[in-house]
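Quick look at structure-v9.tsv (TSV, C-alpha atoms and all ligand atoms):
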chain	number	residue	atom	x	y	z
A	646	MET	CA	93.29	247.81	77.33
A	647	LYS	CA	89.87	246.21	77.30
A	648	ILE	CA	91.00	243.08	79.15
A	649	PHE	CA	91.92	245.24	82.13
A	650	GLU	CA	88.59	247.04	82.23
A	651	LYS	CA	86.28	246.36	85.15
A	652	ILE	CA	82.91	244.73	84.59
A	653	GLU	CA	79.87	244.56	86.84
A	654	ILE	CA	77.09	241.97	86.51
A	655	LYS	CA	74.44	242.15	89.21
A	656	ASN	CA	76.54	242.66	92.35
A	657	LEU	CA	79.57	240.86	90.97
A	658	LYS	CA	82.34	243.37	90.33
A	659	LEU	CA	85.33	242.01	88.43
A	660	LYS	CA	88.62	243.90	88.25
A	661	ASN	CA	89.47	242.51	84.80
A	662	ARG	CA	88.03	240.29	82.09
A	663	ILE	CA	90.18	237.20	82.49
A	664	VAL	CA	88.44	234.10	83.83
A	665	MET	CA	89.85	230.78	84.86
A	666	PRO	CA	87.18	228.32	83.65
A	667	PRO	CA	86.21	225.26	85.68
A	668	MET	CA	88.84	222.54	85.39
A	669	CYS	CA	88.57	219.21	87.21
A	670	MET	CA	91.59	218.47	89.34
A	671	TYR	CA	90.55	214.85	90.04
A	672	THR	CA	92.15	215.26	93.41
A	673	ALA	CA	89.40	214.74	95.96
A	674	GLU	CA	89.17	211.48	97.86
A	675	GLU	CA	86.10	209.42	97.09
A	676	ASP	CA	84.10	211.50	99.56
A	677	GLY	CA	84.27	214.61	97.33
A	678	PHE	CA	85.93	216.79	99.99
A	679	VAL	CA	88.25	219.70	99.28
A	680	THR	CA	91.96	218.99	99.88
A	681	PRO	CA	94.85	221.41	100.55
A	682	TRP	CA	95.71	221.10	96.83
A	683	HIS	CA	92.42	222.73	95.88
A	684	VAL	CA	92.92	225.65	98.29
A	685	ASN	CA	96.46	226.26	97.00
A	686	HIS	CA	95.51	225.84	93.35
A	687	TYR	CA	92.64	228.35	93.36
A	688	THR	CA	94.41	230.80	95.68
A	689	THR	CA	97.44	230.88	93.38
A	690	ARG	CA	95.27	232.20	90.52
A	691	ALA	CA	93.89	234.90	92.81
A	692	VAL	CA	97.44	235.92	93.70
A	693	GLY	CA	98.18	235.98	89.96
A	694	GLY	CA	95.46	238.57	89.42
A	695	VAL	CA	92.82	236.49	87.59
A	696	GLY	CA	89.53	238.44	87.67
A	697	LEU	CA	87.17	235.50	88.11
A	698	ILE	CA	88.06	232.00	89.21
A	699	MET	CA	85.68	229.13	88.67
A	700	VAL	CA	85.88	226.03	90.83
A	701	GLU	CA	85.82	222.80	88.83
A	702	ALA	CA	82.75	220.67	88.12
A	703	THR	CA	81.37	219.84	91.56
A	704	ALA	CA	78.84	217.05	91.75
A	705	VAL	CA	75.35	217.63	93.13
A	706	GLU	CA	74.99	213.91	93.91
A	707	PRO	CA	77.50	211.03	94.07
A	708	SER	CA	76.32	209.50	90.78
A	709	GLY	CA	76.83	212.90	89.14
A	710	ARG	CA	80.61	212.72	89.42
A	711	ILE	CA	82.69	212.50	86.26
A	712	SER	CA	85.27	210.51	88.21
A	713	ALA	CA	85.45	209.14	91.72
A	714	ASN	CA	87.88	211.97	92.56
A	715	ASP	CA	85.62	214.90	91.70
A	716	LEU	CA	84.64	217.50	94.23
A	717	GLY	CA	81.16	217.11	95.70
A	718	ILE	CA	78.54	219.40	97.16
A	719	TRP	CA	75.90	216.82	97.96
A	720	SER	CA	76.05	217.18	101.75
A	721	GLU	CA	76.29	219.93	104.34
A	722	ASP	CA	79.69	218.52	105.30
A	723	HIS	CA	81.11	219.68	101.97
A	724	ILE	CA	80.54	223.35	102.80
A	725	GLU	CA	83.47	223.76	105.17
A	726	GLY	CA	86.17	222.81	102.63
A	727	LEU	CA	84.60	224.87	99.86
A	728	LYS	CA	84.43	227.85	102.19
A	729	LYS	CA	88.18	227.55	102.78
A	730	ILE	CA	88.75	228.00	99.02
A	731	VAL	CA	86.32	230.94	98.87
A	732	ASP	CA	87.79	232.73	101.89
A	733	SER	CA	91.33	232.29	100.67
A	734	VAL	CA	90.53	233.57	97.16
A	735	HIS	CA	88.67	236.55	98.64
A	736	GLN	CA	91.57	237.33	100.99
A	737	ASN	CA	93.79	237.50	97.91
A	738	GLY	CA	91.55	239.86	95.97
A	739	GLY	CA	89.79	237.40	93.66
A	740	LYS	CA	86.17	236.61	92.92
A	741	ILE	CA	85.06	233.03	92.79
A	742	GLY	CA	82.26	230.89	91.40
A	743	ILE	CA	81.53	227.18	91.42
A	744	GLN	CA	80.31	224.94	88.65
A	745	LEU	CA	77.43	222.75	89.80
A	746	ALA	CA	77.46	219.58	87.78
A	747	HIS	CA	75.88	216.23	87.06
A	748	ALA	CA	77.80	213.95	84.72
A	749	GLY	CA	74.78	211.92	83.61
A	750	ARG	CA	75.72	209.09	81.26
A	751	LYS	CA	79.37	210.17	81.32
A	752	SER	CA	79.77	209.41	85.01
A	753	ASP	CA	82.63	207.10	85.72
A	754	SER	CA	81.62	206.64	89.34
A	755	LEU	CA	81.52	202.86	89.32
A	756	LYS	CA	79.71	202.35	92.60
A	757	ASP	CA	76.54	204.22	91.68
A	758	GLU	CA	73.85	203.73	89.10
A	759	ILE	CA	74.35	206.20	86.23
A	760	TYR	CA	71.57	208.25	84.67
A	761	GLY	CA	70.62	209.83	81.37
A	762	PRO	CA	67.55	211.07	79.53
A	763	SER	CA	67.65	207.93	77.37
A	764	PRO	CA	69.34	204.54	77.74
A	765	ILE	CA	72.17	205.15	75.27
A	766	ARG	CA	75.80	204.73	76.28
A	767	PHE	CA	78.43	207.37	75.38
A	768	ASN	CA	80.72	204.72	73.87
A	769	ASP	CA	81.72	201.14	74.56
A	770	ASP	CA	83.91	202.17	77.46
A	771	TYR	CA	80.95	203.68	79.32
A	772	ARG	CA	78.12	202.04	81.19
A	773	LEU	CA	74.53	202.02	80.05
A	774	PRO	CA	72.65	204.84	81.78
A	775	LYS	CA	69.28	204.32	83.39
A	776	GLU	CA	66.57	206.27	81.58
A	777	MET	CA	65.50	208.82	84.16
A	778	THR	CA	61.98	208.57	85.52
A	779	VAL	CA	60.08	211.70	86.51
A	780	GLU	CA	61.00	210.82	90.11
A	781	ASP	CA	64.71	210.77	89.16
A	782	ILE	CA	64.27	214.14	87.46
A	783	LYS	CA	62.68	215.56	90.62
A	784	ARG	CA	65.51	214.25	92.77
A	785	VAL	CA	68.23	215.77	90.56
A	786	LYS	CA	66.41	219.12	90.37
A	787	ASN	CA	66.21	219.18	94.13
A	788	ASN	CA	69.89	218.26	94.43
A	789	PHE	CA	70.81	221.23	92.22
A	790	LYS	CA	68.71	223.44	94.49
A	791	GLU	CA	70.37	222.13	97.66
A	792	ALA	CA	73.79	222.49	96.03
A	793	ALA	CA	73.04	226.14	95.21
A	794	ALA	CA	72.00	226.78	98.82
A	795	ARG	CA	75.29	225.23	100.01
A	796	ALA	CA	77.28	227.30	97.51
A	797	GLU	CA	75.71	230.38	99.03
A	798	LYS	CA	76.59	229.20	102.55
A	799	ALA	CA	80.18	228.69	101.39
A	800	GLY	CA	80.20	232.32	100.21
A	801	PHE	CA	80.60	231.93	96.44
A	802	ASP	CA	80.11	235.06	94.32
A	803	LEU	CA	78.31	233.19	91.54
A	804	ILE	CA	77.27	229.72	90.49
A	805	GLU	CA	77.56	228.08	87.12
A	806	ILE	CA	75.11	225.45	85.94
A	807	HIS	CA	77.01	222.92	83.86
A	808	GLY	CA	74.94	222.55	80.73
A	809	ALA	CA	77.87	221.61	78.44
A	810	HIS	CA	80.21	218.80	77.37
A	811	GLY	CA	77.60	216.08	77.06
A	812	TYR	CA	76.87	215.84	80.77
A	813	LEU	CA	73.36	215.37	82.12
A	814	ILE	CA	71.77	218.74	81.30
A	815	ASN	CA	73.41	218.77	77.86
A	816	GLU	CA	72.12	215.22	77.31
A	817	PHE	CA	68.58	216.50	77.80
A	818	ILE	CA	69.16	219.51	75.51
A	819	SER	CA	70.66	217.58	72.61
A	820	PRO	CA	68.56	215.64	70.09
A	821	LEU	CA	71.54	213.29	69.74
A	822	THR	CA	71.19	211.98	73.29
A	823	ASN	CA	67.58	212.72	74.19
A	824	LYS	CA	65.15	210.28	72.56
A	825	ARG	CA	62.38	210.68	75.13
A	826	GLU	CA	58.78	210.77	74.13
A	827	ASP	CA	57.44	212.49	77.25
A	828	GLU	CA	57.38	216.23	78.04
A	829	TYR	CA	61.20	216.20	78.49
A	830	GLY	CA	61.98	215.11	74.92
A	831	GLY	CA	61.22	216.03	71.32
A	832	SER	CA	60.76	219.75	70.68
A	833	LEU	CA	63.33	222.36	71.66
A	834	GLU	CA	60.95	223.50	74.37
A	835	ASN	CA	60.65	219.97	75.77
A	836	ARG	CA	64.38	219.31	75.62
A	837	SER	CA	64.98	222.57	77.52
A	838	ARG	CA	62.45	221.71	80.25
A	839	PHE	CA	64.89	219.93	82.57
A	840	LEU	CA	67.31	222.89	82.46
A	841	LYS	CA	64.50	225.40	82.90
A	842	GLU	CA	63.11	223.54	85.91
A	843	ILE	CA	66.58	223.30	87.48
A	844	LEU	CA	66.97	227.07	87.14
A	845	GLU	CA	63.53	227.58	88.68
A	846	GLU	CA	64.60	225.51	91.70
A	847	VAL	CA	67.99	227.15	92.04
A	848	VAL	CA	66.70	230.74	92.03
A	849	GLN	CA	64.54	229.94	95.04
A	850	VAL	CA	67.67	229.66	97.19
A	851	TRP	CA	70.39	231.56	95.31
A	852	PRO	CA	70.40	235.30	96.16
A	853	LYS	CA	68.80	237.45	93.46
A	854	GLU	CA	71.65	239.95	93.51
A	855	LYS	CA	74.28	237.29	92.66
A	856	PRO	CA	74.62	236.12	89.05
A	857	ILE	CA	74.13	232.65	87.62
A	858	THR	CA	76.11	231.49	84.61
A	859	LEU	CA	75.19	228.69	82.28
A	860	ARG	CA	77.91	226.74	80.51
A	861	VAL	CA	76.88	225.47	77.09
A	862	SER	CA	78.34	223.39	74.28
A	863	SER	CA	77.74	225.70	71.37
A	864	LEU	CA	78.74	223.10	68.78
A	865	GLU	CA	77.96	219.39	68.92
A	866	TYR	CA	80.16	218.45	65.95
A	867	SER	CA	77.39	216.44	64.28
A	868	GLU	CA	75.00	217.47	61.54
A	869	LYS	CA	72.10	216.15	63.56
A	870	GLY	CA	73.11	217.97	66.73
A	871	ASN	CA	72.36	221.46	68.03
A	872	THR	CA	73.95	224.41	66.24
A	873	SER	CA	75.09	227.59	68.00
A	874	GLU	CA	71.82	229.18	66.83
A	875	ASP	CA	69.82	226.32	68.42
A	876	ILE	CA	71.72	226.78	71.66
A	877	ALA	CA	70.97	230.53	71.54
A	878	ASP	CA	67.25	229.67	71.08
A	879	ILE	CA	67.39	227.33	74.07
A	880	ILE	CA	69.06	230.02	76.18
A	881	ASN	CA	66.41	232.52	75.11
A	882	HIS	CA	63.75	230.04	76.14
A	883	VAL	CA	65.18	229.54	79.66
A	884	LYS	CA	66.98	232.79	80.44
A	885	GLU	CA	64.09	234.45	82.27
A	886	SER	CA	64.24	231.57	84.75
A	887	GLY	CA	67.68	232.75	85.87
A	888	VAL	CA	70.59	232.97	83.43
A	889	ASP	CA	72.71	236.12	83.76
A	890	ILE	CA	75.86	235.06	81.88
A	891	VAL	CA	76.64	232.39	79.29
A	892	ASN	CA	79.95	230.53	79.36
A	893	VAL	CA	80.47	229.27	75.82
A	894	SER	CA	82.32	226.03	75.23
A	895	SER	CA	81.74	223.21	72.73
A	896	GLY	CA	81.75	219.45	72.21
A	897	GLY	CA	81.57	216.42	74.42
A	898	VAL	CA	78.05	215.36	73.44
A	899	ILE	CA	79.11	212.54	71.18
A	900	TYR	CA	82.35	210.63	70.89
A	901	THR	CA	84.18	212.33	68.04
A	902	LYS	CA	87.49	214.00	67.34
A	903	ILE	CA	87.60	217.77	67.01
A	904	ASN	CA	90.46	219.89	65.73
A	905	PRO	CA	90.73	222.93	67.98
A	906	TYR	CA	92.72	226.00	66.98
A	907	PRO	CA	93.21	229.35	68.77
A	908	GLY	CA	89.82	230.99	69.03
A	909	TYR	CA	87.85	228.00	67.65
A	910	GLN	CA	84.87	228.73	69.90
A	911	ILE	CA	84.79	232.49	69.47
A	912	GLU	CA	82.40	232.68	66.52
A	913	PRO	CA	79.81	230.56	68.41
A	914	ALA	CA	80.30	232.86	71.40
A	915	ARG	CA	79.61	235.88	69.19
A	916	ILE	CA	76.45	234.28	67.80
A	917	ILE	CA	75.19	233.47	71.29
A	918	LYS	CA	76.03	236.94	72.58
A	919	GLU	CA	74.25	238.58	69.69
A	920	LYS	CA	71.17	236.35	69.75
A	921	THR	CA	70.64	236.24	73.52
A	922	ASN	CA	71.80	239.71	74.48
A	923	LEU	CA	73.49	238.23	77.56
A	924	PRO	CA	77.08	238.80	78.69
A	925	VAL	CA	79.29	235.98	77.45
A	926	MET	CA	82.49	234.31	78.59
A	927	ALA	CA	84.35	233.23	75.47
A	928	GLY	CA	87.48	231.14	75.10
A	929	GLY	CA	89.14	227.98	73.90
A	930	LEU	CA	92.86	227.87	73.15
A	931	VAL	CA	93.32	231.52	74.03
A	932	THR	CA	96.89	231.76	75.25
A	933	ASP	CA	97.90	235.41	74.90
A	934	TRP	CA	96.56	238.84	75.72
A	935	GLN	CA	96.40	239.84	72.04
A	936	LEU	CA	93.64	237.34	71.17
A	937	ALA	CA	91.87	238.03	74.47
A	938	GLU	CA	91.91	241.75	73.71
A	939	GLU	CA	90.64	241.17	70.17
A	940	ILE	CA	87.69	239.12	71.46
A	941	ILE	CA	86.54	241.82	73.84
A	942	LYS	CA	87.30	244.78	71.59
A	943	ASN	CA	85.37	243.25	68.69
A	944	LYS	CA	82.49	242.42	71.06
A	945	ARG	CA	82.74	238.69	70.54
A	946	GLY	CA	82.74	238.16	74.29
A	947	ASP	CA	82.56	240.19	77.50
A	948	MET	CA	85.05	238.07	79.41
A	949	VAL	CA	87.69	235.66	78.15
A	950	TYR	CA	88.50	232.37	79.80
A	951	MET	CA	91.92	230.81	79.74
A	952	GLY	CA	92.11	227.28	81.04
A	953	ARG	CA	95.30	225.46	80.22
A	954	LYS	CA	97.23	228.71	79.89
A	955	LEU	CA	96.44	229.55	83.51
A	956	LEU	CA	97.45	226.06	84.59
A	957	ARG	CA	100.86	226.66	83.02
A	958	ASP	CA	101.12	230.28	84.02
A	959	PRO	CA	99.05	231.29	87.06
A	960	TYR	CA	100.68	234.75	87.07
A	961	PHE	CA	99.69	235.51	83.47
A	962	VAL	CA	97.49	238.48	84.41
A	963	ILE	CA	100.00	240.37	86.55
A	964	ASN	CA	102.78	239.55	84.09
A	965	ALA	CA	100.70	240.86	81.17
A	966	SER	CA	99.88	244.05	83.08
A	967	HIS	CA	103.60	244.55	83.69
A	968	GLN	CA	104.59	243.93	80.06
A	969	LEU	CA	101.90	246.32	78.89
A	970	GLY	CA	102.89	248.99	81.38
A	971	ILE	CA	99.46	249.02	82.96
A	972	ASP	CA	99.08	250.33	86.47
A	973	TYR	CA	97.56	247.22	87.98
A	974	PRO	CA	97.69	246.14	91.62
A	975	TRP	CA	100.21	243.41	92.41
A	976	PRO	CA	100.14	241.37	95.60
A	977	LYS	CA	102.02	243.57	98.04
A	978	GLN	CA	104.28	240.66	98.95
A	979	TYR	CA	105.51	240.55	95.34
A	980	GLU	CA	105.89	244.28	94.72
A	981	ARG	CA	109.70	244.01	94.67
A	982	ALA	CA	109.50	241.57	91.77
A	983	ARG	CA	107.96	244.25	89.59
A	984	ILE	CA	111.15	245.31	87.83
B	1	LIG	C1	92.28	219.54	83.18
B	1	LIG	C2	90.99	220.08	82.62
B	1	LIG	C3	89.81	219.88	83.31
B	1	LIG	C4	88.59	220.43	82.84
B	1	LIG	N1	87.46	220.32	83.60
B	1	LIG	C5	86.36	220.99	83.25
B	1	LIG	C6	85.26	221.10	84.14
B	1	LIG	O1	85.30	220.66	85.29
B	1	LIG	N2	84.16	221.76	83.70
B	1	LIG	C7	84.10	222.35	82.46
B	1	LIG	O2	83.08	222.93	82.10
B	1	LIG	N3	85.16	222.31	81.63
B	1	LIG	C8	86.28	221.67	82.00
B	1	LIG	N4	87.38	221.72	81.19
B	1	LIG	C9	87.36	222.56	79.97
B	1	LIG	C10	87.93	223.94	80.28
B	1	LIG	O3	87.09	224.65	81.17
B	1	LIG	C11	88.09	224.79	79.00
B	1	LIG	O4	86.85	225.01	78.42
B	1	LIG	C12	88.99	224.10	77.99
B	1	LIG	O5	90.21	223.67	78.60
B	1	LIG	C13	89.30	225.01	76.80
B	1	LIG	O6	89.92	226.19	77.22
B	1	LIG	P1	91.54	226.37	77.11
B	1	LIG	O7	91.90	226.07	75.70
B	1	LIG	O8	91.76	227.79	77.49
B	1	LIG	O9	92.17	225.38	78.06
B	1	LIG	C14	88.58	221.14	81.62
B	1	LIG	C15	89.77	221.29	80.90
B	1	LIG	C16	90.96	220.81	81.39
B	1	LIG	C17	92.24	221.05	80.61

Using structure tokens, write down the structure from this file.
Amino acid sequence: MKIFEKIEIKNLKLKNRIVMPPMCMYTAEEDGFVTPWHVNHYTTRAVGGVGLIMVEATAVEPSGRISANDLGIWSEDHIEGLKKIVDSVHQNGGKIGIQLAHAGRKSDSLKDEIYGPSPIRFNDDYRLPKEMTVEDIKRVKNNFKEAAARAEKAGFDLIEIHGAHGYLINEFISPLTNKREDEYGGSLENRSRFLKEILEEVVQVWPKEKPITLRVSSLEYSEKGNTSEDIADIINHVKESGVDIVNVSSGGVIYTKINPYPGYQIEPARIIKEKTNLPVMAGGLVTDWQLAEEIIKNKRGDMVYMGRKLLRDPYFVINASHQLGIDYPWPKQYERARI
């Protein structure tokens, strides 16, 4: 079975191809600190045999939170709680990354000013973002760098830069949300500059032997938005600055309804994999091992993420191994349940 094959990217060695993607738990207090819920939640997926576990969108500055209850990594004080998650996942045989995020114009953090490449609100329920000055851009780049250094101190195996779902980096990348006339807007190269410069900062502090993933929205669900091919071009433009894996998602850039179905983001993942030649995490409404296996076998992705499925069923991986008769290590405490 392909989903149970090991994979190695830089010094990250995964025991299988199933990934839990970042999913906000909206459970931190307003200070962004880790709670016992977070430690239990991520550890449970490690016990369940998930190969790679990604910690939810974690804000690099307070105004970069999606909600007031997001996790934060904007101070040294945040390291201790994050390290508890990392240590616990490692003790239970899992590998763990963290998604470093800035919500941009989609921040719902009411106390702080909110920022975007251009002063356009997401919809009437959202506030008007401040058009970022070059000083603001410098500050956010530096906050990503400091966040990466803290992620390393906490012991994470990889970091993910959140470039998807219409949050700040995605707002710069997309022609739908970036109307700037300076060197950060206009051409594909200019719209990619903010992302490229963030990567250049991050690699100064993130160890070279540990991978960096980039999450992208491969479809913007608008004729005037980026296509999967455009996103692949953007990745090709920035990848030398430090992208080792692409995590392919879609949507969130504009306010519109989409109609997801099992595997709806797999063709974009295939396009991005083929055009960038980078390992890809693919997913979106994947809820069984059959579709996961198909994606990897047909080389439409190198790893498969399962979000909501793993919320419902944290033991999916060990259960699947059992059903399939695969000799796969179970937590020793649960060996007697393997009947
Ligand atoms: C509760 C919840 C929170 C989410 N939070 C994040 C997040 O923090 N960062 C992110 O990139 N995607 C987030 N997502 C999207 C998931 O990572 C995933 O892409 C999406 O759920 C589709 O995969 P699935 O159909 O397997 O659930 C979230 C999804 C859910 C259900």

Check your understanding: Which residue out of A:Thr680, A:Asn964, A:Asn815, A:Asn788 has the minimum interatomic distance to Tyr979 of chain A when all atoms listed in the file are used?
Key ->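 Under the stated criterion, the closest residue is A:Asn964.
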
Exercise for review: Would you list the residues that come within 10 Å of ligand LIG 1 (chain B)? Count only C-alpha atoms and all ligand atoms and give the answer as a PyMOL selection string.
Suggested key: chain A and resi 664-671+699-704+711+715-716+743-746+805-810+812+859-862+892-897+905-910+927-932+949-956

Just need the box for segment 747-766 of chain A, edges along x, y and z, holding every atom the file lists for it with 6 Å tacked onto each side, so centre and edge lengths in Å to one decimal, as AutoDock Vina command-line options.
--center_x 75.1 --center_y 209.3 --center_z 83.9 --size_x 27.1 --size_y 25.9 --size_z 29.3

Exercise for review: Excluding Ala877 of chain A and any residue of its chain fewer than 3 positions from it, enumerate the residues within 9 Å of it, using all atoms listed in the file, and give them as an MDAnalysis selection string.
Suggested key: chainID A and resid 863 872:874 880:882 916:921

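Among the candidates A:Arg662, A:Tyr866, A:Lys783, A:Ser837, the one nearest to Lys902 of chain A when counting all atoms listed in the file is A:Tyr866.
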
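Atom to atom, atom CA of Lys775 of chain A and atom CA of Gly811 of chain A stand 15.7 Å apart.
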
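Atom CA of Glu797 of chain A to atom CA of Gly749 of chain A spans 24.1 Å [interatomic distance, one decimal].
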
Check your understanding: Which residues come within 9 Å of Ala691 of chain A, counting all atoms listed in the file, excluding same-chain residues fewer than 2 positions away, as an MDAnalysis selection string?
Key -> chainID A and resid 687:689 693:698 733:740 959:960

Check your understanding: atom CA of Phe649 of chain A and atom CA of Glu938 of chain A, how far apart in Å?
Key ->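 Here the two named atoms are 9.1 Å from each other.
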
Check your understanding: With all atoms listed in the file as the basis for distance, which of A:Lys658, A:Val850, A:Tyr760, A:Ile971 is at the shortest distance from Thr778 of chain A?
Key -> A:Tyr760

Practice item. Give me the residues within 12 Å of Lys824 of chain A as a VMD selection string, counting all atoms listed in the file and dropping any in the same chain fewer than 2 places off. Key: chain A and resid 761 to 765 776 to 777 816 to 822 826 to 832 835 to 836

Review point. Out of A:Lys647, A:Ile899, A:Arg981, A:Ala799, which residue has the shortest atom-to-atom distance to Glu868 of chain A when counting only C-alpha atoms?
Key: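 Closest to Glu868 of chain A, using only C-alpha atoms: A:Ile899.
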
Point to revise | Distance query 9 Å from (80.3, 200.1, 84.2) using only C-alpha atoms, result as a list in words | key: Asp753, Ser754, Leu755, Lys756, Glu758, Ile759, Asp770, Tyr771, Arg772 and Leu773 of chain A

Review point. Of the residues A:Ala792, A:Leu844, A:Leu864, A:Ile879, which is the one nearest to Ile903 of chain A, using only C-alpha atoms?
Key: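 Once distances to Ile903 of chain A are computed over only C-alpha atoms, the minimum belongs to A:Leu864.
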